[in-house]
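The next block is target00.cif, given as mmCIF, C-alpha atoms.
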data_final
loop_
_atom_site.group_PDB
_atom_site.id
_atom_site.type_symbol
_atom_site.label_atom_id
_atom_site.label_comp_id
_atom_site.auth_asym_id
_atom_site.auth_seq_id
_atom_site.Cartn_x
_atom_site.Cartn_y
_atom_site.Cartn_z
ATOM 1 C CA MET A 27 -2.153 67.906 123.361
ATOM 2 C CA LYS A 28 -0.603 67.173 120.011
ATOM 3 C CA GLU A 29 -2.239 70.259 118.577
ATOM 4 C CA GLU A 30 -0.764 72.432 121.331
ATOM 5 C CA LEU A 31 2.676 71.002 120.736
ATOM 6 C CA ASN A 32 2.377 71.634 117.005
ATOM 7 C CA GLU A 33 1.266 75.165 117.666
ATOM 8 C CA LEU A 34 4.258 75.725 119.906
ATOM 9 C CA THR A 35 6.677 74.419 117.296
ATOM 10 C CA THR A 36 5.111 76.349 114.492
ATOM 11 C CA THR A 37 4.493 79.651 116.258
ATOM 12 C CA GLU A 38 7.528 79.804 118.466
ATOM 13 C CA GLU A 39 10.974 79.318 117.007
ATOM 14 C CA ILE A 40 13.436 77.598 119.240
ATOM 15 C CA PRO A 41 16.349 80.027 119.588
ATOM 16 C CA GLN A 42 19.500 78.693 118.040
ATOM 17 C CA GLU A 43 22.678 78.711 120.105
ATOM 18 C CA GLU A 44 24.672 81.757 119.338
ATOM 19 C CA LYS A 45 27.982 80.901 117.801
ATOM 20 C CA LYS A 46 30.647 81.652 120.290
ATOM 21 C CA PRO A 47 33.824 83.088 118.780
ATOM 22 C CA GLY A 48 36.959 80.966 119.228
ATOM 23 C CA LYS A 49 39.556 81.711 121.888
ATOM 24 C CA PHE A 50 41.927 83.365 119.386
ATOM 25 C CA ARG A 51 39.204 85.656 118.030
ATOM 26 C CA ARG A 52 38.096 86.628 121.522
ATOM 27 C CA MET A 53 41.716 87.350 122.485
ATOM 28 C CA MET A 54 42.224 89.395 119.288
ATOM 29 C CA ALA A 55 39.034 91.336 119.917
ATOM 30 C CA LYS A 56 40.066 92.044 123.491
ATOM 31 C CA PHE A 57 43.748 92.745 122.752
ATOM 32 C CA GLY A 58 43.330 94.711 119.534
ATOM 33 C CA ARG A 59 44.816 94.125 116.103
ATOM 34 C CA ARG A 60 47.322 96.983 116.350
ATOM 35 C CA ASN A 61 48.714 95.730 119.659
ATOM 36 C CA ALA A 62 49.049 92.232 118.198
ATOM 37 C CA ILE A 63 51.156 93.559 115.281
ATOM 38 C CA ILE A 64 53.395 95.531 117.650
ATOM 39 C CA THR A 65 53.889 92.479 119.886
ATOM 40 C CA ALA A 66 54.751 90.272 116.887
ATOM 41 C CA SER A 67 57.309 92.854 115.683
ATOM 42 C CA VAL A 68 58.930 93.030 119.105
ATOM 43 C CA LEU A 69 59.139 89.239 119.227
ATOM 44 C CA LEU A 70 60.780 89.139 115.773
ATOM 45 C CA ILE A 71 63.357 91.737 116.828
ATOM 46 C CA ALA A 72 64.069 89.802 120.024
ATOM 47 C CA VAL A 73 64.626 86.598 118.019
ATOM 48 C CA ALA A 74 66.927 88.442 115.594
ATOM 49 C CA VAL A 75 68.973 89.856 118.491
ATOM 50 C CA LEU A 76 69.240 86.408 120.063
ATOM 51 C CA VAL A 77 70.381 84.798 116.795
ATOM 52 C CA ASN A 78 72.896 87.612 116.260
ATOM 53 C CA TRP A 79 74.264 87.166 119.771
ATOM 54 C CA LEU A 80 74.564 83.383 119.326
ATOM 55 C CA LEU A 81 76.413 83.773 116.000
ATOM 56 C CA PHE A 82 78.787 86.563 116.958
ATOM 57 C CA ALA A 83 79.368 86.064 120.668
ATOM 58 C CA ASN A 84 82.775 85.043 122.108
ATOM 59 C CA GLY A 85 85.013 87.920 121.148
ATOM 60 C CA ASN A 86 83.019 88.989 118.095
ATOM 61 C CA LYS A 87 83.903 85.756 116.294
ATOM 62 C CA LYS A 88 82.481 85.511 112.808
ATOM 63 C CA PRO A 89 81.248 82.273 111.233
ATOM 64 C CA ALA A 90 83.600 80.457 108.885
ATOM 65 C CA GLY A 91 83.731 82.061 105.478
ATOM 66 C CA TYR A 92 82.075 85.280 106.674
ATOM 67 C CA GLN A 93 83.450 88.317 104.875
ATOM 68 C CA GLY A 94 81.098 91.085 105.878
ATOM 69 C CA TYR A 95 81.243 94.830 105.461
ATOM 70 C CA ASP A 96 82.950 95.287 108.863
ATOM 71 C CA THR A 97 85.809 92.926 107.962
ATOM 72 C CA GLN A 98 86.400 94.664 104.646
ATOM 73 C CA GLU A 99 86.406 98.053 106.375
ATOM 74 C CA GLU A 100 88.852 96.760 109.020
ATOM 75 C CA ASN A 101 91.154 95.436 106.279
ATOM 76 C CA LYS A 102 91.045 98.779 104.472
ATOM 77 C CA GLU A 103 91.786 100.642 107.708
ATOM 78 C CA ASN A 104 94.688 98.301 108.512
ATOM 79 C CA GLU A 105 96.151 98.748 105.032
ATOM 80 C CA GLN A 106 95.780 102.513 105.302
ATOM 81 C CA THR A 107 97.417 102.541 108.754
ATOM 82 C CA GLU A 108 100.281 100.366 107.508
ATOM 83 C CA LYS A 109 100.765 102.607 104.458
ATOM 84 C CA THR A 110 100.750 105.731 106.653
ATOM 85 C CA THR A 111 103.274 104.155 109.049
ATOM 86 C CA THR A 112 105.583 103.167 106.172
ATOM 87 C CA ASP A 113 105.338 106.604 104.560
ATOM 88 C CA ALA A 114 106.049 108.213 107.938
ATOM 89 C CA TYR A 115 109.144 105.981 108.312
ATOM 90 C CA PHE A 116 110.563 107.102 104.957
ATOM 91 C CA SER A 117 109.818 110.752 105.696
ATOM 92 C CA ALA A 118 111.396 110.504 109.157
ATOM 93 C CA THR A 119 114.506 108.799 107.721
ATOM 94 C CA GLN A 120 114.948 111.523 105.110
ATOM 95 C CA VAL A 121 114.453 114.282 107.697
ATOM 96 C CA SER A 122 116.902 112.619 110.107
ATOM 97 C CA ARG A 123 119.525 112.227 107.365
ATOM 98 C CA GLN A 124 119.096 115.868 106.286
ATOM 99 C CA ARG A 125 119.342 117.114 109.864
ATOM 100 C CA ALA A 126 122.592 115.206 110.453
ATOM 101 C CA ARG A 127 124.029 116.620 107.220
ATOM 102 C CA ASP A 128 122.937 120.161 108.061
ATOM 103 C CA GLU A 129 124.581 119.945 111.486
ATOM 104 C CA ALA A 130 127.819 118.619 109.967
ATOM 105 C CA LEU A 131 127.811 121.351 107.307
ATOM 106 C CA GLU A 132 127.179 123.997 109.951
ATOM 107 C CA VAL A 133 130.176 122.841 111.988
ATOM 108 C CA LEU A 134 132.437 122.688 108.930
ATOM 109 C CA GLN A 135 131.270 126.100 107.728
ATOM 110 C CA SER A 136 131.971 127.611 111.150
ATOM 111 C CA VAL A 137 135.549 126.279 110.881
ATOM 112 C CA VAL A 138 135.920 127.845 107.425
ATOM 113 C CA ASP A 139 134.521 131.171 108.688
ATOM 114 C CA ASN A 140 136.734 131.202 111.797
ATOM 115 C CA ALA A 141 139.487 133.774 111.246
ATOM 116 C CA GLU A 142 141.691 132.166 113.891
ATOM 117 C CA ALA A 143 141.552 128.652 112.348
ATOM 118 C CA ALA A 144 144.706 127.380 110.652
ATOM 119 C CA GLU A 145 144.721 127.257 106.874
ATOM 120 C CA GLU A 146 145.137 123.472 106.900
ATOM 121 C CA THR A 147 142.077 123.081 109.147
ATOM 122 C CA LYS A 148 140.045 125.321 106.863
ATOM 123 C CA ASN A 149 141.081 123.243 103.838
ATOM 124 C CA GLU A 150 140.026 120.046 105.634
ATOM 125 C CA ALA A 151 136.683 121.653 106.471
ATOM 126 C CA LEU A 152 136.206 122.673 102.835
ATOM 127 C CA THR A 153 137.025 119.109 101.734
ATOM 128 C CA GLY A 154 134.445 117.825 104.236
ATOM 129 C CA ILE A 155 131.825 120.211 102.833
ATOM 130 C CA ALA A 156 132.610 119.062 99.294
ATOM 131 C CA THR A 157 132.386 115.389 100.380
ATOM 132 C CA ILE A 158 128.978 115.925 101.998
ATOM 133 C CA ALA A 159 127.708 117.763 98.911
ATOM 134 C CA ASP A 160 128.940 114.869 96.734
ATOM 135 C CA GLU A 161 127.217 112.312 98.997
ATOM 136 C CA ILE A 162 123.942 114.273 98.840
ATOM 137 C CA ARG A 163 124.108 114.303 95.028
ATOM 138 C CA LYS A 164 124.890 110.569 94.805
ATOM 139 C CA GLU A 165 122.094 109.671 97.233
ATOM 140 C CA ALA A 166 119.603 111.734 95.227
ATOM 141 C CA ASP A 167 120.770 110.029 91.998
ATOM 142 C CA MET A 168 120.402 106.543 93.483
ATOM 143 C CA GLU A 169 116.958 107.301 94.920
ATOM 144 C CA SER A 170 115.723 108.661 91.580
ATOM 145 C CA LEU A 171 117.050 105.683 89.600
ATOM 146 C CA ILE A 172 115.719 103.092 92.050
ATOM 147 C CA THR A 173 112.221 104.620 92.161
ATOM 148 C CA ALA A 174 112.328 104.697 88.340
ATOM 149 C CA LYS A 175 112.658 100.892 88.488
ATOM 150 C CA GLY A 176 109.190 100.684 90.056
ATOM 151 C CA PHE A 177 109.810 101.081 93.786
ATOM 152 C CA GLU A 178 107.309 103.416 95.406
ATOM 153 C CA GLN A 179 109.704 104.753 98.074
ATOM 154 C CA CYS A 180 113.473 104.709 98.452
ATOM 155 C CA VAL A 181 116.037 106.254 100.784
ATOM 156 C CA ALA A 182 119.766 105.920 100.182
ATOM 157 C CA VAL A 183 122.236 106.616 102.997
ATOM 158 C CA LEU A 184 125.842 106.848 101.848
ATOM 159 C CA ASN A 185 128.581 106.450 104.446
ATOM 160 C CA GLY A 186 132.093 106.311 103.058
ATOM 161 C CA ASP A 187 132.628 102.948 101.328
ATOM 162 C CA SER A 188 129.216 101.552 102.255
ATOM 163 C CA VAL A 189 125.636 102.428 101.428
ATOM 164 C CA SER A 190 122.260 101.459 102.856
ATOM 165 C CA ILE A 191 119.302 101.346 100.493
ATOM 166 C CA ILE A 192 115.850 101.284 102.088
ATOM 167 C CA VAL A 193 113.025 100.438 99.689
ATOM 168 C CA LYS A 194 109.296 100.069 100.095
ATOM 169 C CA ALA A 195 108.498 96.549 98.890
ATOM 170 C CA ASP A 196 106.539 93.514 100.074
ATOM 171 C CA ASP A 197 109.184 91.224 98.640
ATOM 172 C CA LEU A 198 112.466 91.575 96.732
ATOM 173 C CA GLN A 199 113.187 89.377 93.758
ATOM 174 C CA PRO A 200 116.816 88.489 92.890
ATOM 175 C CA SER A 201 116.481 90.560 89.697
ATOM 176 C CA GLN A 202 115.430 93.609 91.732
ATOM 177 C CA ILE A 203 118.384 93.183 94.110
ATOM 178 C CA ALA A 204 120.690 92.964 91.097
ATOM 179 C CA GLN A 205 119.178 96.166 89.664
ATOM 180 C CA ILE A 206 119.713 98.032 92.951
ATOM 181 C CA ASN A 207 123.331 96.812 93.211
ATOM 182 C CA GLU A 208 123.964 97.885 89.624
ATOM 183 C CA ILE A 209 122.530 101.377 90.279
ATOM 184 C CA VAL A 210 124.630 101.772 93.437
ATOM 185 C CA TYR A 211 127.798 100.663 91.633
ATOM 186 C CA SER A 212 127.235 102.979 88.665
ATOM 187 C CA SER A 213 126.491 105.949 90.988
ATOM 188 C CA THR A 214 129.162 105.410 93.646
ATOM 189 C CA GLY A 215 131.545 102.629 92.578
ATOM 190 C CA ILE A 216 130.595 100.652 95.697
ATOM 191 C CA VAL A 217 130.497 96.884 95.083
ATOM 192 C CA PRO A 218 127.558 94.708 96.289
ATOM 193 C CA ALA A 219 129.533 93.621 99.379
ATOM 194 C CA GLY A 220 129.297 97.204 100.639
ATOM 195 C CA VAL A 221 125.556 97.530 99.886
ATOM 196 C CA THR A 222 122.869 96.830 102.477
ATOM 197 C CA ILE A 223 119.345 96.608 101.093
ATOM 198 C CA ILE A 224 116.549 96.993 103.634
ATOM 199 C CA ARG A 225 112.975 96.163 102.692
ATOM 200 C CA LYS A 226 110.342 98.184 104.515
#
Will you turn the file into structure tokens for me?
Amino acid sequence: MKEELNELTTTEEIPQEEKKPGKFRRMMAKFGRRNAIITASVLLIAVAVLVNWLLFANGNKKPAGYQGYDTQEENKENEQTEKTTTDAYFSATQVSRQRARDEALEVLQSVVDNAEAAEETKNEALTGIATIADEIRKEADMESLITAKGFEQCVAVLNGDSVSIIVKADDLQPSQIAQINEIVYSSTGIVPAGVTIIRK
């Protein structure tokens, strides 16, 4: 009996238990490596979207201290829009002033050209034309001198014994106001009480 048992153990090998792969390996084998990578990528993107939504939700609020590309671009666009608006204001003011002058000159010239107008009326019209021409020259002088002092834009509007000076500036220092008043006085003889300085 012992001999038979020995023979069985020596001649026949007892089969070893096959190693069963773990659950993860079986799932990987079944699912496929490529599909696993795709799924992991999708999960990462989903997490990134969720984090982004949590950080920037509620009216596109940015975290404290955040100065991203979008904010810088918005600031640049706002500055450009503000600059364009200011430039448009100065251009519109100059065009409006010129139009008013042209209309006045046209009326006065029509009086001068009217054969039926009295000589006194024609002389008054000629004086008016000369006055307007003098005002245009003085305004141009003031604008040139004020921009020479460092102001980017300037419009001067002369009206009899008063003048309005519109300058492009973030702030006006007392020394700058004094310079403008001095230029106006030397060009027109108008004292500071008759000068209105508007910062735009």
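Nearest residue to Tyr115 (chain A), choosing from A:Ala219, A:Cys180, A:Ile209, A:Gln199 and counting all atoms listed in the file: A:Cys180.
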What does the PyMOL selection byres ((chain A and resi 178) around 12) select in this file, as a short mmCIF file (atom, residue, chain, number, x, y, z; two decimals) with C-alpha atoms, in the frame of the given file?
data_model
loop_
_atom_site.label_atom_id
_atom_site.label_comp_id
_atom_site.auth_asym_id
_atom_site.auth_seq_id
_atom_site.Cartn_x
_atom_site.Cartn_y
_atom_site.Cartn_z
CA LYS A 109 100.76 102.61 104.46
CA THR A 112 105.58 103.17 106.17
CA ASP A 113 105.34 106.60 104.56
CA PHE A 116 110.56 107.10 104.96
CA GLU A 169 116.96 107.30 94.92
CA SER A 170 115.72 108.66 91.58
CA LEU A 171 117.05 105.68 89.60
CA ILE A 172 115.72 103.09 92.05
CA THR A 173 112.22 104.62 92.16
CA ALA A 174 112.33 104.70 88.34
CA LYS A 175 112.66 100.89 88.49
CA GLY A 176 109.19 100.68 90.06
CA PHE A 177 109.81 101.08 93.79
CA GLN A 179 109.70 104.75 98.07
CA CYS A 180 113.47 104.71 98.45
CA VAL A 181 116.04 106.25 100.78
CA ILE A 192 115.85 101.28 102.09
CA VAL A 193 113.02 100.44 99.69
CA LYS A 194 109.30 100.07 100.10
CA ALA A 195 108.50 96.55 98.89
CA ASP A 196 106.54 93.51 100.07
CA ARG A 225 112.98 96.16 102.69
CA LYS A 226 110.34 98.18 104.52
#
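Using all atoms listed in the file, the residues found no farther than 10 Å from Gln135 (chain A), other than those of its own chain fewer than 2 positions away, are Glu129, Ala130, Leu131, Glu132, Val133, Val137, Val138, Asp139, Asn140, Lys148, Ala151, Leu152, Gly154 and Ile155 of chain A.
Distances to Glu161 (chain A) were evaluated for A:Val121, A:Ile71, A:Ala143, A:Val189 using all atoms listed in the file, and the minimum falls at A:Val189.
One distance worth recording is that between CA of Arg127 (chain A) and CA of Pro218 (chain A), which is 24.7 Å.
Between CA of Val217 (chain A) and CA of Thr119 (chain A) lies a distance of 23.6 Å.
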Exactly which residues make up the result of the PyMOL selection byres ((chain A and resi 187) around 12) on this file, given as number ranges by chain? A: 161, 183-186, 188-190, 210-211, 214-222
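Distance-wise, CA of Ser212 (chain A) and CA of Asp160 (chain A) end up 14.5 Å apart.
Evaluated against the shown file, the PyMOL selection byres ((chain A and resi 162) around 10) gives A:Arg123, A:Gln124, A:Arg127, A:Ala156, A:Thr157, A:Ile158, A:Ala159, A:Asp160, A:Glu161, A:Arg163, A:Lys164, A:Glu165, A:Ala166, A:Asp167, A:Ala182, A:Val183, A:Leu184.
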